[in-house]
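Just below is one structure, and these are the notes that go with it.
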Amino acid sequence: MHLLRKLLFPFAILYGFITSVRNFLFDKGVLKSTSFDLPVIAVGNLSVGGTGKTPQIEYLIRLLSDEYKVATLSRGYKRKSEGFVLADENSNAEILGDEPFQFHQKFPNVMVAVDANRTNGIQQLLSQKVKPEIILLDDAYQHRKVKAGFYILLTSYGDLYADDFMLPTGNLRESRSGAERASIVVVTKCPKILTEEEQAEIRIKLKLKSSQQVFFSFIDYDIFIYGKNEKIAVSEIKSESKLLLAGIAKPKPFFDYLKNESDECLTFPDHHHFSDADLDTIRNKANGRKMITTEKDYVRLKDSELIDQLYYLPIKSSFINHQQDFDATILEYVKKNLESQYLRSLET
């Protein structure tokens with residue numbers, strides 16, 4: 001695979017040229033970007049694969065939803081519905097996609113919508129009887145047809161965009177220069193202990209503008225796993241023989257956190273829709289043992305026949321340091337935007 005990627009280098013140059021021209025046309029206004037009269041925060045990355053967008057969106061929901069009416073808008077990757085869908089009591093992972101359905105399950109006070117056309121999605125949200133005050137765009141860094149007011153760019157500690165290259169030779173969706181659009185860069189999935197010197201080295205490597213802030217976060221695992229009717233301490237379950245299964249982009253940290261020598265690990269593609277054959281395979285592998293999966297996979301499996309043996313491990317994004325600065329930056333943007341919106345409404 002590594003050799004094949006090198007052989008595809010000319011296509012990577014072509015792809016990089018195409019995306020650069022596209023960005024140039026948006027930057028110059030030749031291609032239209034639509035702005036909206038409320039705070040719109042876009043969270044995304046330059047690369048394909050998991051950089052921790054879901055826990056970052058959930059962090060923002062927790063930060064903002066007690067004070068403001070928050071909506072999330074996602075594409076709804078691999079959902080079986082089409083067009084704009086607003087989550088309600090009849091929604092499931094097949095209708096919304098796994099990550100939006102997870103938001104809907106965890107945060108019932110938040111509006112959760114999906115639409116591949118983000119412009120239409122925002123317009124539909126603003127046409128609702130109860131309108132959101134803030135919209136969080138999930139995985140929308142390259143969706144230039146909407147001009148968000150604030151961009152949060154994520155890059156994984158072990159896979160920095162500065163060390164990567166364009167598809168198909170590397171994993172970048174666009175040139176590294178795309179980072180210039182970011183208001184904030186968050187280096188995700190860091191070790192819990194990362195010295196100031198190490199952080200400074202990464203800042204230098206990312207080559208950001210002086211106006212751009214960089215923060216460092218890590219994945220914080222819950223101390224319990226959760227099933228249909230109970231929760232069990234991770235410290236108790238670690239020594240027990242079990243089946244670990246995951247359909248996420250980079251499952252190794254999840255497996256490493258829970259597994260012991262007697263455990264089996266079963267991996268599926270990211271956003272995988274589990275078939276009856278998959279369920280049979282999982283049940284046979286488990287052979288009566290408990291099954292532990294990720295929260296994202298659990299929302300796709302909780303209505304299956306596996307539910308009585310199935311548990312999930314929640315995660316959240318936590319900052320190594322300067323969390324208050326991150327929070328203050330987000331809250332200041334929201335406050336200023338809403339104040340400007342109020343003043344504009346007085347003028348009209």
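Every chain in the structure tokens takes a letter, A first, then B, and so on in the order presented; its residues are numbered from 1, and the ligands are numbered from 1 following the presented order.
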
Checklist entry - What lies within 10 Å of A:Thr169 using only C-alpha atoms, ignoring chain neighbours under 2 positions off, as a list in words? => result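 The neighbour list is Met1, His2, Leu3, Leu4, Arg5, Lys6, Leu7, Leu8, Phe9, Pro10, Phe11, Ala12, Ile13, Asp164, Phe165, Met166, Leu167, Asn171 and Leu172 of chain A.
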
Pull N, CA and C atoms from the residues just selected and write them as a PDB file, in the first residue's frame.
```
ATOM      1  N   MET A   1       0.829  -1.207   0.000  1.00  0.00           N
ATOM      2  CA  MET A   1       0.000   0.000   0.000  1.00  0.00           C
ATOM      3  C   MET A   1       0.866   1.260   0.000  1.00  0.00           C
ATOM      4  N   HIS A   2       1.964   1.221   0.782  1.00  0.00           N
ATOM      5  CA  HIS A   2       2.866   2.379   0.830  1.00  0.00           C
ATOM      6  C   HIS A   2       3.472   2.656  -0.540  1.00  0.00           C
ATOM      7  N   LEU A   3       3.879   1.596  -1.233  1.00  0.00           N
ATOM      8  CA  LEU A   3       4.455   1.752  -2.572  1.00  0.00           C
ATOM      9  C   LEU A   3       3.408   2.289  -3.543  1.00  0.00           C
ATOM     10  N   LEU A   4       2.184   1.768  -3.458  1.00  0.00           N
ATOM     11  CA  LEU A   4       1.113   2.229  -4.338  1.00  0.00           C
ATOM     12  C   LEU A   4       0.853   3.712  -4.142  1.00  0.00           C
ATOM     13  N   ARG A   5       0.869   4.149  -2.900  1.00  0.00           N
ATOM     14  CA  ARG A   5       0.645   5.571  -2.626  1.00  0.00           C
ATOM     15  C   ARG A   5       1.736   6.432  -3.257  1.00  0.00           C
ATOM     16  N   LYS A   6       2.966   5.946  -3.230  1.00  0.00           N
ATOM     17  CA  LYS A   6       4.063   6.690  -3.859  1.00  0.00           C
ATOM     18  C   LYS A   6       3.875   6.753  -5.373  1.00  0.00           C
ATOM     19  N   LEU A   7       3.414   5.659  -5.952  1.00  0.00           N
ATOM     20  CA  LEU A   7       3.183   5.625  -7.395  1.00  0.00           C
ATOM     21  C   LEU A   7       2.067   6.574  -7.821  1.00  0.00           C
ATOM     22  N   LEU A   8       1.161   6.872  -6.898  1.00  0.00           N
ATOM     23  CA  LEU A   8       0.033   7.761  -7.192  1.00  0.00           C
ATOM     24  C   LEU A   8       0.367   9.237  -6.947  1.00  0.00           C
ATOM     25  N   PHE A   9       1.651   9.520  -6.709  1.00  0.00           N
ATOM     26  CA  PHE A   9       2.086  10.887  -6.418  1.00  0.00           C
ATOM     27  C   PHE A   9       1.613  11.907  -7.460  1.00  0.00           C
ATOM     28  N   PRO A  10       1.687  11.619  -8.782  1.00  0.00           N
ATOM     29  CA  PRO A  10       1.207  12.606  -9.768  1.00  0.00           C
ATOM     30  C   PRO A  10      -0.266  12.967  -9.572  1.00  0.00           C
ATOM     31  N   PHE A  11      -1.066  11.986  -9.163  1.00  0.00           N
ATOM     32  CA  PHE A  11      -2.489  12.263  -8.925  1.00  0.00           C
ATOM     33  C   PHE A  11      -2.668  13.147  -7.687  1.00  0.00           C
ATOM     34  N   ALA A  12      -1.777  12.987  -6.703  1.00  0.00           N
ATOM     35  CA  ALA A  12      -1.825  13.835  -5.516  1.00  0.00           C
ATOM     36  C   ALA A  12      -1.527  15.290  -5.884  1.00  0.00           C
ATOM     37  N   ILE A  13      -0.556  15.496  -6.775  1.00  0.00           N
ATOM     38  CA  ILE A  13      -0.245  16.849  -7.232  1.00  0.00           C
ATOM     39  C   ILE A  13      -1.447  17.446  -7.962  1.00  0.00           C
ATOM     40  N   ASP A 164       1.919  15.455   6.708  1.00  0.00           N
ATOM     41  CA  ASP A 164       1.127  14.669   5.762  1.00  0.00           C
ATOM     42  C   ASP A 164       1.229  15.260   4.357  1.00  0.00           C
ATOM     43  N   PHE A 165       0.579  14.581   3.399  1.00  0.00           N
ATOM     44  CA  PHE A 165       0.587  15.017   2.001  1.00  0.00           C
ATOM     45  C   PHE A 165      -0.796  14.781   1.414  1.00  0.00           C
ATOM     46  N   MET A 166      -1.022  15.340   0.225  1.00  0.00           N
ATOM     47  CA  MET A 166      -2.330  15.256  -0.412  1.00  0.00           C
ATOM     48  C   MET A 166      -2.705  13.821  -0.765  1.00  0.00           C
ATOM     49  N   LEU A 167      -4.023  13.562  -0.759  1.00  0.00           N
ATOM     50  CA  LEU A 167      -4.550  12.307  -1.290  1.00  0.00           C
ATOM     51  C   LEU A 167      -4.169  12.173  -2.768  1.00  0.00           C
ATOM     52  N   ASN A 171      -2.968  11.685   3.259  1.00  0.00           N
ATOM     53  CA  ASN A 171      -4.355  11.665   3.726  1.00  0.00           C
ATOM     54  C   ASN A 171      -5.013  13.039   3.735  1.00  0.00           C
ATOM     55  N   LEU A 172      -4.363  14.053   3.163  1.00  0.00           N
ATOM     56  CA  LEU A 172      -4.914  15.400   3.223  1.00  0.00           C
ATOM     57  C   LEU A 172      -5.995  15.610   2.167  1.00  0.00           C
TER      58      LEU A 172
END
```

Item to check | Filtered DSSP result for stretch 204-327 of chain A, state alpha helix (DSSP H), as number ranges by chain | outcome: A: 204-206, 234-237, 252-258, 276-286, 295-301, 323-327

Compile a residue-level contact table for stretch 170-192 of chain A against stretch 40-43 of chain A at a cut-off of 10 Å, reporting for every qualifying residue the shortest atom pair and its distance in Å to one decimal, with only C-alpha atoms counted, rows ordered by chain and ascending number, as CSV.
```
residue,atom,partner,partner_atom,distance
A:Ala182,CA,A:Ala42,CA,9.4
A:Ser183,CA,A:Ile41,CA,9.9
A:Ile184,CA,A:Val43,CA,9.8
A:Val185,CA,A:Val43,CA,9.9
```

Leaving out A:Tyr312 and any residue of its chain fewer than 3 positions from it, which residues lie within 9 Å of it when counting only C-alpha atoms, given as a short mmCIF file (atom, residue, chain, number, x, y, z; two decimals) with all heavy atoms, in the first residue's frame?
```cif
data_model
loop_
_atom_site.label_atom_id
_atom_site.label_comp_id
_atom_site.auth_asym_id
_atom_site.auth_seq_id
_atom_site.Cartn_x
_atom_site.Cartn_y
_atom_site.Cartn_z
N PHE A 224 -16.53 4.11 33.77
CA PHE A 224 -17.53 3.05 33.71
C PHE A 224 -17.81 2.66 32.26
O PHE A 224 -17.67 3.48 31.36
CB PHE A 224 -18.85 3.49 34.35
CG PHE A 224 -18.79 3.71 35.84
CD1 PHE A 224 -18.60 4.97 36.36
CD2 PHE A 224 -18.93 2.64 36.72
CE1 PHE A 224 -18.55 5.18 37.73
CE2 PHE A 224 -18.87 2.83 38.09
CZ PHE A 224 -18.68 4.11 38.60
N ILE A 225 -18.23 1.40 32.06
CA ILE A 225 -18.87 1.01 30.82
C ILE A 225 -20.36 0.91 31.10
O ILE A 225 -20.78 0.64 32.24
CB ILE A 225 -18.33 -0.32 30.26
CG1 ILE A 225 -18.53 -1.47 31.27
CG2 ILE A 225 -16.86 -0.18 29.87
CD1 ILE A 225 -18.27 -2.86 30.69
N TYR A 226 -21.18 1.14 30.08
CA TYR A 226 -22.62 1.22 30.27
C TYR A 226 -23.34 0.22 29.37
O TYR A 226 -23.04 0.11 28.17
CB TYR A 226 -23.11 2.63 29.95
CG TYR A 226 -22.53 3.68 30.87
CD1 TYR A 226 -21.26 4.21 30.62
CD2 TYR A 226 -23.22 4.13 31.98
CE1 TYR A 226 -20.71 5.17 31.46
CE2 TYR A 226 -22.68 5.09 32.83
CZ TYR A 226 -21.43 5.60 32.56
OH TYR A 226 -20.88 6.55 33.41
N GLY A 227 -24.29 -0.50 29.95
CA GLY A 227 -25.11 -1.43 29.21
C GLY A 227 -26.57 -1.04 29.26
O GLY A 227 -26.92 0.08 29.69
N MET A 291 -19.61 -8.01 25.64
CA MET A 291 -19.08 -7.30 24.48
C MET A 291 -19.01 -5.82 24.83
O MET A 291 -19.99 -5.25 25.32
CB MET A 291 -20.00 -7.47 23.27
CG MET A 291 -20.45 -8.87 23.00
SD MET A 291 -21.83 -8.85 21.81
CE MET A 291 -22.31 -10.57 21.84
N ILE A 292 -17.88 -5.21 24.54
CA ILE A 292 -17.73 -3.77 24.79
C ILE A 292 -17.38 -3.10 23.47
O ILE A 292 -16.48 -3.54 22.75
CB ILE A 292 -16.64 -3.48 25.85
CG1 ILE A 292 -16.90 -4.28 27.12
CG2 ILE A 292 -16.62 -1.98 26.17
CD1 ILE A 292 -15.84 -4.11 28.19
N THR A 293 -18.10 -2.03 23.18
CA THR A 293 -17.87 -1.31 21.94
C THR A 293 -17.76 0.18 22.22
O THR A 293 -17.86 0.63 23.37
CB THR A 293 -19.01 -1.61 20.94
OG1 THR A 293 -18.67 -1.10 19.66
CG2 THR A 293 -20.34 -1.00 21.40
N THR A 294 -17.55 0.95 21.18
CA THR A 294 -17.49 2.40 21.32
C THR A 294 -18.91 2.96 21.40
O THR A 294 -19.88 2.31 21.00
CB THR A 294 -16.77 3.05 20.13
OG1 THR A 294 -17.59 2.90 18.96
CG2 THR A 294 -15.42 2.39 19.89
N GLU A 295 -19.02 4.17 21.90
CA GLU A 295 -20.34 4.79 22.00
C GLU A 295 -20.95 4.98 20.62
O GLU A 295 -22.17 4.82 20.42
CB GLU A 295 -20.20 6.14 22.72
CG GLU A 295 -21.52 6.77 23.09
CD GLU A 295 -21.35 7.97 24.00
OE1 GLU A 295 -20.20 8.43 24.18
OE2 GLU A 295 -22.36 8.44 24.53
N LYS A 296 -20.13 5.31 19.62
CA LYS A 296 -20.62 5.52 18.27
C LYS A 296 -21.16 4.23 17.67
O LYS A 296 -22.17 4.23 16.95
CB LYS A 296 -19.49 6.08 17.39
CG LYS A 296 -19.94 6.57 16.03
CD LYS A 296 -18.86 7.36 15.33
CE LYS A 296 -17.80 6.49 14.73
NZ LYS A 296 -16.89 7.25 13.82
N ASP A 297 -20.50 3.10 17.95
CA ASP A 297 -20.99 1.82 17.45
C ASP A 297 -22.22 1.35 18.22
O ASP A 297 -23.09 0.69 17.66
CB ASP A 297 -19.89 0.76 17.55
CG ASP A 297 -18.74 1.03 16.60
OD1 ASP A 297 -18.99 1.19 15.40
OD2 ASP A 297 -17.59 1.10 17.05
N TYR A 298 -22.27 1.69 19.49
CA TYR A 298 -23.39 1.24 20.32
C TYR A 298 -24.73 1.75 19.79
O TYR A 298 -25.73 1.02 19.82
CB TYR A 298 -23.18 1.72 21.76
CG TYR A 298 -24.22 1.20 22.74
CD1 TYR A 298 -24.10 -0.08 23.30
CD2 TYR A 298 -25.30 1.99 23.12
CE1 TYR A 298 -25.04 -0.55 24.20
CE2 TYR A 298 -26.25 1.51 24.02
CZ TYR A 298 -26.12 0.24 24.56
OH TYR A 298 -27.06 -0.23 25.45
#
```

Next on the checklist: With distances taken over only C-alpha atoms, which residue among A:Arg144, A:Lys250, A:Leu331, A:Ser262 lies nearest A:Val30?
Outcome noted: A:Arg144

Next on the checklist: I'd like the contact shell of A:His273 - 10 Å cut-off, only C-alpha atoms, skipping same-chain residues fewer than 5 positions apart - returned as a list in words.
Outcome noted: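 Selected residues are Lys78, Arg79, Ala93, Glu94, Gly97, Asp98, Gly247, Phe268, Asp278, Asp297, Arg300 and Leu301 of chain A.
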
Since we have the selection now, will you write its residues out, keeping all heavy atoms, as a CSV table (one decimal), in the first residue's frame?
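File produced: part38.csv:
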```csv
chain,number,residue,atom,x,y,z
A,78,LYS,N,-23.3,8.0,5.6
A,78,LYS,CA,-23.8,6.7,5.5
A,78,LYS,C,-25.2,6.5,6.0
A,78,LYS,O,-25.7,5.4,6.3
A,78,LYS,CB,-22.9,5.6,6.1
A,78,LYS,CG,-21.6,5.4,5.3
A,78,LYS,CD,-20.9,4.1,5.8
A,78,LYS,CE,-19.7,3.8,4.8
A,78,LYS,NZ,-19.0,2.6,5.2
A,79,ARG,N,-26.0,7.6,6.2
A,79,ARG,CA,-27.4,7.4,6.6
A,79,ARG,C,-28.2,6.9,5.4
A,79,ARG,O,-27.8,7.1,4.3
A,79,ARG,CB,-27.9,8.8,7.1
A,79,ARG,CG,-27.9,9.9,6.1
A,79,ARG,CD,-28.3,11.2,6.7
A,79,ARG,NE,-28.1,12.3,5.8
A,79,ARG,CZ,-29.1,13.0,5.3
A,79,ARG,NH1,-30.4,12.7,5.5
A,79,ARG,NH2,-28.8,14.1,4.5
A,93,ALA,N,-30.2,5.7,14.1
A,93,ALA,CA,-28.9,5.8,13.4
A,93,ALA,C,-29.0,5.7,11.9
A,93,ALA,O,-28.2,6.3,11.2
A,93,ALA,CB,-27.9,4.8,14.0
A,94,GLU,N,-29.9,4.9,11.4
A,94,GLU,CA,-30.0,4.7,10.0
A,94,GLU,C,-30.6,6.0,9.3
A,94,GLU,O,-30.2,6.3,8.2
A,94,GLU,CB,-31.0,3.5,9.7
A,94,GLU,CG,-30.3,2.2,10.0
A,94,GLU,CD,-31.2,1.1,9.4
A,94,GLU,OE1,-32.3,1.3,9.0
A,94,GLU,OE2,-30.6,-0.1,9.4
A,97,GLY,N,-27.5,8.9,10.8
A,97,GLY,CA,-26.1,8.6,10.8
A,97,GLY,C,-25.7,8.4,12.3
A,97,GLY,O,-26.4,8.9,13.2
A,98,ASP,N,-24.7,7.7,12.5
A,98,ASP,CA,-24.3,7.3,13.9
A,98,ASP,C,-24.0,8.5,14.8
A,98,ASP,O,-24.5,8.6,15.9
A,98,ASP,CB,-23.3,6.2,14.0
A,98,ASP,CG,-22.1,6.5,13.1
A,98,ASP,OD1,-21.9,7.7,12.7
A,98,ASP,OD2,-21.3,5.6,12.8
A,247,GLY,N,-16.1,-0.1,15.1
A,247,GLY,CA,-16.2,0.3,13.7
A,247,GLY,C,-15.9,1.8,13.6
A,247,GLY,O,-16.7,2.6,13.2
A,268,PHE,N,-14.2,-3.4,12.5
A,268,PHE,CA,-15.1,-3.2,11.3
A,268,PHE,C,-14.7,-1.8,10.7
A,268,PHE,O,-14.1,-1.0,11.4
A,268,PHE,CB,-16.6,-3.2,11.7
A,268,PHE,CG,-17.1,-4.6,12.2
A,268,PHE,CD1,-17.0,-4.9,13.5
A,268,PHE,CD2,-17.6,-5.5,11.3
A,268,PHE,CE1,-17.5,-6.1,13.9
A,268,PHE,CE2,-18.0,-6.7,11.7
A,268,PHE,CZ,-17.9,-7.1,13.0
A,278,ASP,N,-22.9,-10.1,10.3
A,278,ASP,CA,-21.9,-9.5,11.3
A,278,ASP,C,-22.4,-9.8,12.7
A,278,ASP,O,-21.5,-10.1,13.5
A,278,ASP,CB,-21.9,-8.0,11.1
A,278,ASP,CG,-21.3,-7.5,9.7
A,278,ASP,OD1,-20.4,-8.3,9.2
A,278,ASP,OD2,-21.7,-6.5,9.2
A,297,ASP,N,-20.5,3.1,17.9
A,297,ASP,CA,-21.0,1.8,17.5
A,297,ASP,C,-22.2,1.3,18.2
A,297,ASP,O,-23.1,0.7,17.7
A,297,ASP,CB,-19.9,0.8,17.5
A,297,ASP,CG,-18.7,1.0,16.6
A,297,ASP,OD1,-19.0,1.2,15.4
A,297,ASP,OD2,-17.6,1.1,17.1
A,300,ARG,N,-25.6,2.1,16.9
A,300,ARG,CA,-26.0,1.2,15.7
A,300,ARG,C,-26.3,-0.2,16.1
A,300,ARG,O,-26.9,-0.9,15.3
A,300,ARG,CB,-24.9,1.3,14.6
A,300,ARG,CG,-24.9,2.5,13.8
A,300,ARG,CD,-23.8,2.5,12.8
A,300,ARG,NE,-22.5,3.0,13.4
A,300,ARG,CZ,-21.4,2.3,13.4
A,300,ARG,NH1,-21.3,1.2,12.8
A,300,ARG,NH2,-20.3,2.8,13.9
A,301,LEU,N,-25.9,-0.6,17.3
A,301,LEU,CA,-26.1,-2.0,17.7
A,301,LEU,C,-27.1,-2.2,18.9
A,301,LEU,O,-27.5,-3.3,19.2
A,301,LEU,CB,-24.8,-2.5,18.2
A,301,LEU,CG,-23.7,-2.8,17.1
A,301,LEU,CD1,-22.4,-3.1,17.8
A,301,LEU,CD2,-24.1,-4.0,16.3
```

Checklist entry - Out of A:Ser318, A:Ile204, A:Val299, A:Gly288, which residue has the shortest atom-to-atom distance to A:Ile95 when counting only C-alpha atoms? => result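 Smallest distance to A:Ile95 is found for A:Val299.
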
Checklist outcome for this item: From the list A:Lys242, A:Arg62, A:Lys69, A:Lys129, the nearest residue to A:Asp327 using only C-alpha atoms is A:Arg62

Contact residues around A:Thr119 with only C-alpha atoms at 10 Å, ignoring same-chain residues under 3 positions, as a PDB file with all heavy atoms, in the first residue's frame:
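Listed below is the output, around_35.pdb:
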```pdb
ATOM      1  N   SER A  33     -19.954  31.967  -1.232  1.00  0.00           N
ATOM      2  CA  SER A  33     -20.097  31.467   0.136  1.00  0.00           C
ATOM      3  C   SER A  33     -21.225  32.234   0.802  1.00  0.00           C
ATOM      4  O   SER A  33     -21.300  33.456   0.683  1.00  0.00           O
ATOM      5  CB  SER A  33     -18.807  31.667   0.941  1.00  0.00           C
ATOM      6  OG  SER A  33     -17.759  30.867   0.457  1.00  0.00           O
ATOM      7  N   THR A  34     -22.082  31.536   1.507  1.00  0.00           N
ATOM      8  CA  THR A  34     -23.212  32.167   2.183  1.00  0.00           C
ATOM      9  C   THR A  34     -22.902  32.340   3.659  1.00  0.00           C
ATOM     10  O   THR A  34     -22.496  31.390   4.337  1.00  0.00           O
ATOM     11  CB  THR A  34     -24.493  31.325   2.022  1.00  0.00           C
ATOM     12  OG1 THR A  34     -24.754  31.142   0.631  1.00  0.00           O
ATOM     13  CG2 THR A  34     -25.681  32.010   2.678  1.00  0.00           C
ATOM     14  N   SER A  35     -23.073  33.555   4.159  1.00  0.00           N
ATOM     15  CA  SER A  35     -22.917  33.839   5.579  1.00  0.00           C
ATOM     16  C   SER A  35     -24.303  33.929   6.227  1.00  0.00           C
ATOM     17  O   SER A  35     -25.294  34.239   5.560  1.00  0.00           O
ATOM     18  CB  SER A  35     -22.172  35.154   5.795  1.00  0.00           C
ATOM     19  OG  SER A  35     -20.880  35.097   5.234  1.00  0.00           O
ATOM     20  N   PHE A  36     -24.355  33.678   7.516  1.00  0.00           N
ATOM     21  CA  PHE A  36     -25.627  33.707   8.228  1.00  0.00           C
ATOM     22  C   PHE A  36     -25.526  34.628   9.439  1.00  0.00           C
ATOM     23  O   PHE A  36     -24.451  34.807  10.010  1.00  0.00           O
ATOM     24  CB  PHE A  36     -26.041  32.299   8.653  1.00  0.00           C
ATOM     25  CG  PHE A  36     -26.416  31.426   7.479  1.00  0.00           C
ATOM     26  CD1 PHE A  36     -25.462  30.656   6.827  1.00  0.00           C
ATOM     27  CD2 PHE A  36     -27.718  31.398   7.014  1.00  0.00           C
ATOM     28  CE1 PHE A  36     -25.795  29.862   5.747  1.00  0.00           C
ATOM     29  CE2 PHE A  36     -28.069  30.609   5.922  1.00  0.00           C
ATOM     30  CZ  PHE A  36     -27.107  29.844   5.293  1.00  0.00           C
ATOM     31  N   ASP A 115     -27.916  17.260   6.786  1.00  0.00           N
ATOM     32  CA  ASP A 115     -28.151  17.683   5.409  1.00  0.00           C
ATOM     33  C   ASP A 115     -26.793  17.783   4.733  1.00  0.00           C
ATOM     34  O   ASP A 115     -25.897  18.475   5.229  1.00  0.00           O
ATOM     35  CB  ASP A 115     -28.866  19.032   5.347  1.00  0.00           C
ATOM     36  CG  ASP A 115     -29.497  19.309   3.979  1.00  0.00           C
ATOM     37  OD1 ASP A 115     -29.012  18.743   2.977  1.00  0.00           O
ATOM     38  OD2 ASP A 115     -30.457  20.086   3.913  1.00  0.00           O
ATOM     39  N   ALA A 116     -26.624  17.103   3.596  1.00  0.00           N
ATOM     40  CA  ALA A 116     -25.371  17.211   2.849  1.00  0.00           C
ATOM     41  C   ALA A 116     -25.164  18.623   2.331  1.00  0.00           C
ATOM     42  O   ALA A 116     -24.033  19.099   2.207  1.00  0.00           O
ATOM     43  CB  ALA A 116     -25.366  16.219   1.679  1.00  0.00           C
ATOM     44  N   ILE A 122     -28.878  24.916   7.172  1.00  0.00           N
ATOM     45  CA  ILE A 122     -28.974  26.077   8.064  1.00  0.00           C
ATOM     46  C   ILE A 122     -30.273  26.834   7.808  1.00  0.00           C
ATOM     47  O   ILE A 122     -30.972  27.250   8.746  1.00  0.00           O
ATOM     48  CB  ILE A 122     -27.753  26.992   7.882  1.00  0.00           C
ATOM     49  CG1 ILE A 122     -26.485  26.274   8.340  1.00  0.00           C
ATOM     50  CG2 ILE A 122     -27.940  28.302   8.672  1.00  0.00           C
ATOM     51  CD1 ILE A 122     -25.208  27.043   8.098  1.00  0.00           C
ATOM     52  N   GLN A 123     -30.618  27.022   6.545  1.00  0.00           N
ATOM     53  CA  GLN A 123     -31.867  27.717   6.219  1.00  0.00           C
ATOM     54  C   GLN A 123     -33.069  26.983   6.799  1.00  0.00           C
ATOM     55  O   GLN A 123     -33.999  27.615   7.320  1.00  0.00           O
ATOM     56  CB  GLN A 123     -31.997  27.848   4.699  1.00  0.00           C
ATOM     57  CG  GLN A 123     -30.995  28.822   4.089  1.00  0.00           C
ATOM     58  CD  GLN A 123     -30.933  28.731   2.574  1.00  0.00           C
ATOM     59  OE1 GLN A 123     -31.369  27.743   1.975  1.00  0.00           O
ATOM     60  NE2 GLN A 123     -30.386  29.764   1.932  1.00  0.00           N
ATOM     61  N   GLN A 124     -33.054  25.658   6.732  1.00  0.00           N
ATOM     62  CA  GLN A 124     -34.149  24.875   7.295  1.00  0.00           C
ATOM     63  C   GLN A 124     -34.207  25.008   8.816  1.00  0.00           C
ATOM     64  O   GLN A 124     -35.295  25.124   9.398  1.00  0.00           O
ATOM     65  CB  GLN A 124     -33.995  23.396   6.900  1.00  0.00           C
ATOM     66  CG  GLN A 124     -34.186  23.115   5.431  1.00  0.00           C
ATOM     67  CD  GLN A 124     -35.620  23.302   4.988  1.00  0.00           C
ATOM     68  OE1 GLN A 124     -36.560  23.153   5.759  1.00  0.00           O
ATOM     69  NE2 GLN A 124     -35.800  23.659   3.725  1.00  0.00           N
ATOM     70  N   HIS A 143     -16.367  22.598   3.528  1.00  0.00           N
ATOM     71  CA  HIS A 143     -17.655  22.963   2.940  1.00  0.00           C
ATOM     72  C   HIS A 143     -17.699  24.488   2.778  1.00  0.00           C
ATOM     73  O   HIS A 143     -18.309  25.210   3.566  1.00  0.00           O
ATOM     74  CB  HIS A 143     -18.810  22.475   3.818  1.00  0.00           C
ATOM     75  CG  HIS A 143     -20.113  22.410   3.094  1.00  0.00           C
ATOM     76  ND1 HIS A 143     -20.556  21.288   2.444  1.00  0.00           N
ATOM     77  CD2 HIS A 143     -21.057  23.348   2.879  1.00  0.00           C
ATOM     78  CE1 HIS A 143     -21.715  21.517   1.882  1.00  0.00           C
ATOM     79  NE2 HIS A 143     -22.052  22.762   2.127  1.00  0.00           N
ATOM     80  N   ARG A 144     -17.054  24.976   1.728  1.00  0.00           N
ATOM     81  CA  ARG A 144     -16.846  26.407   1.550  1.00  0.00           C
ATOM     82  C   ARG A 144     -18.108  27.157   1.130  1.00  0.00           C
ATOM     83  O   ARG A 144     -18.113  28.388   1.104  1.00  0.00           O
ATOM     84  CB  ARG A 144     -15.728  26.661   0.527  1.00  0.00           C
ATOM     85  CG  ARG A 144     -14.366  26.067   0.851  1.00  0.00           C
ATOM     86  CD  ARG A 144     -13.707  26.703   2.069  1.00  0.00           C
ATOM     87  NE  ARG A 144     -13.622  28.139   2.010  1.00  0.00           N
ATOM     88  CZ  ARG A 144     -12.606  28.843   1.473  1.00  0.00           C
ATOM     89  NH1 ARG A 144     -11.600  28.201   0.909  1.00  0.00           N
ATOM     90  NH2 ARG A 144     -12.608  30.159   1.501  1.00  0.00           N
ATOM     91  N   LYS A 145     -19.172  26.446   0.739  1.00  0.00           N
ATOM     92  CA  LYS A 145     -20.396  27.135   0.326  1.00  0.00           C
ATOM     93  C   LYS A 145     -21.070  27.840   1.495  1.00  0.00           C
ATOM     94  O   LYS A 145     -21.889  28.735   1.300  1.00  0.00           O
ATOM     95  CB  LYS A 145     -21.365  26.155  -0.340  1.00  0.00           C
ATOM     96  CG  LYS A 145     -20.888  25.688  -1.704  1.00  0.00           C
ATOM     97  CD  LYS A 145     -21.886  24.767  -2.376  1.00  0.00           C
ATOM     98  CE  LYS A 145     -21.381  24.325  -3.738  1.00  0.00           C
ATOM     99  NZ  LYS A 145     -22.352  23.432  -4.426  1.00  0.00           N
ATOM    100  N   VAL A 146     -20.733  27.421   2.713  1.00  0.00           N
ATOM    101  CA  VAL A 146     -21.131  28.149   3.916  1.00  0.00           C
ATOM    102  C   VAL A 146     -19.883  28.818   4.478  1.00  0.00           C
ATOM    103  O   VAL A 146     -18.845  28.184   4.626  1.00  0.00           O
ATOM    104  CB  VAL A 146     -21.744  27.219   4.976  1.00  0.00           C
ATOM    105  CG1 VAL A 146     -21.896  27.949   6.313  1.00  0.00           C
ATOM    106  CG2 VAL A 146     -23.100  26.694   4.515  1.00  0.00           C
ATOM    107  N   LYS A 147     -20.006  30.099   4.784  1.00  0.00           N
ATOM    108  CA  LYS A 147     -18.900  30.803   5.426  1.00  0.00           C
ATOM    109  C   LYS A 147     -19.202  30.906   6.910  1.00  0.00           C
ATOM    110  O   LYS A 147     -20.022  31.713   7.351  1.00  0.00           O
ATOM    111  CB  LYS A 147     -18.718  32.202   4.827  1.00  0.00           C
ATOM    112  CG  LYS A 147     -17.483  32.908   5.362  1.00  0.00           C
ATOM    113  CD  LYS A 147     -17.264  34.240   4.667  1.00  0.00           C
ATOM    114  CE  LYS A 147     -15.993  34.908   5.180  1.00  0.00           C
ATOM    115  NZ  LYS A 147     -15.755  36.209   4.509  1.00  0.00           N
TER     116      LYS A 147
END
```

Next on the checklist: Need to verify the contact set: A:Pro100, 7 Å, only C-alpha atoms, exclusion of same-chain residues closer than 3 positions in sequence. Can you return it as a PyMOL selection string?
Outcome noted: chain A and resi 74+76+96-97+103-104+112
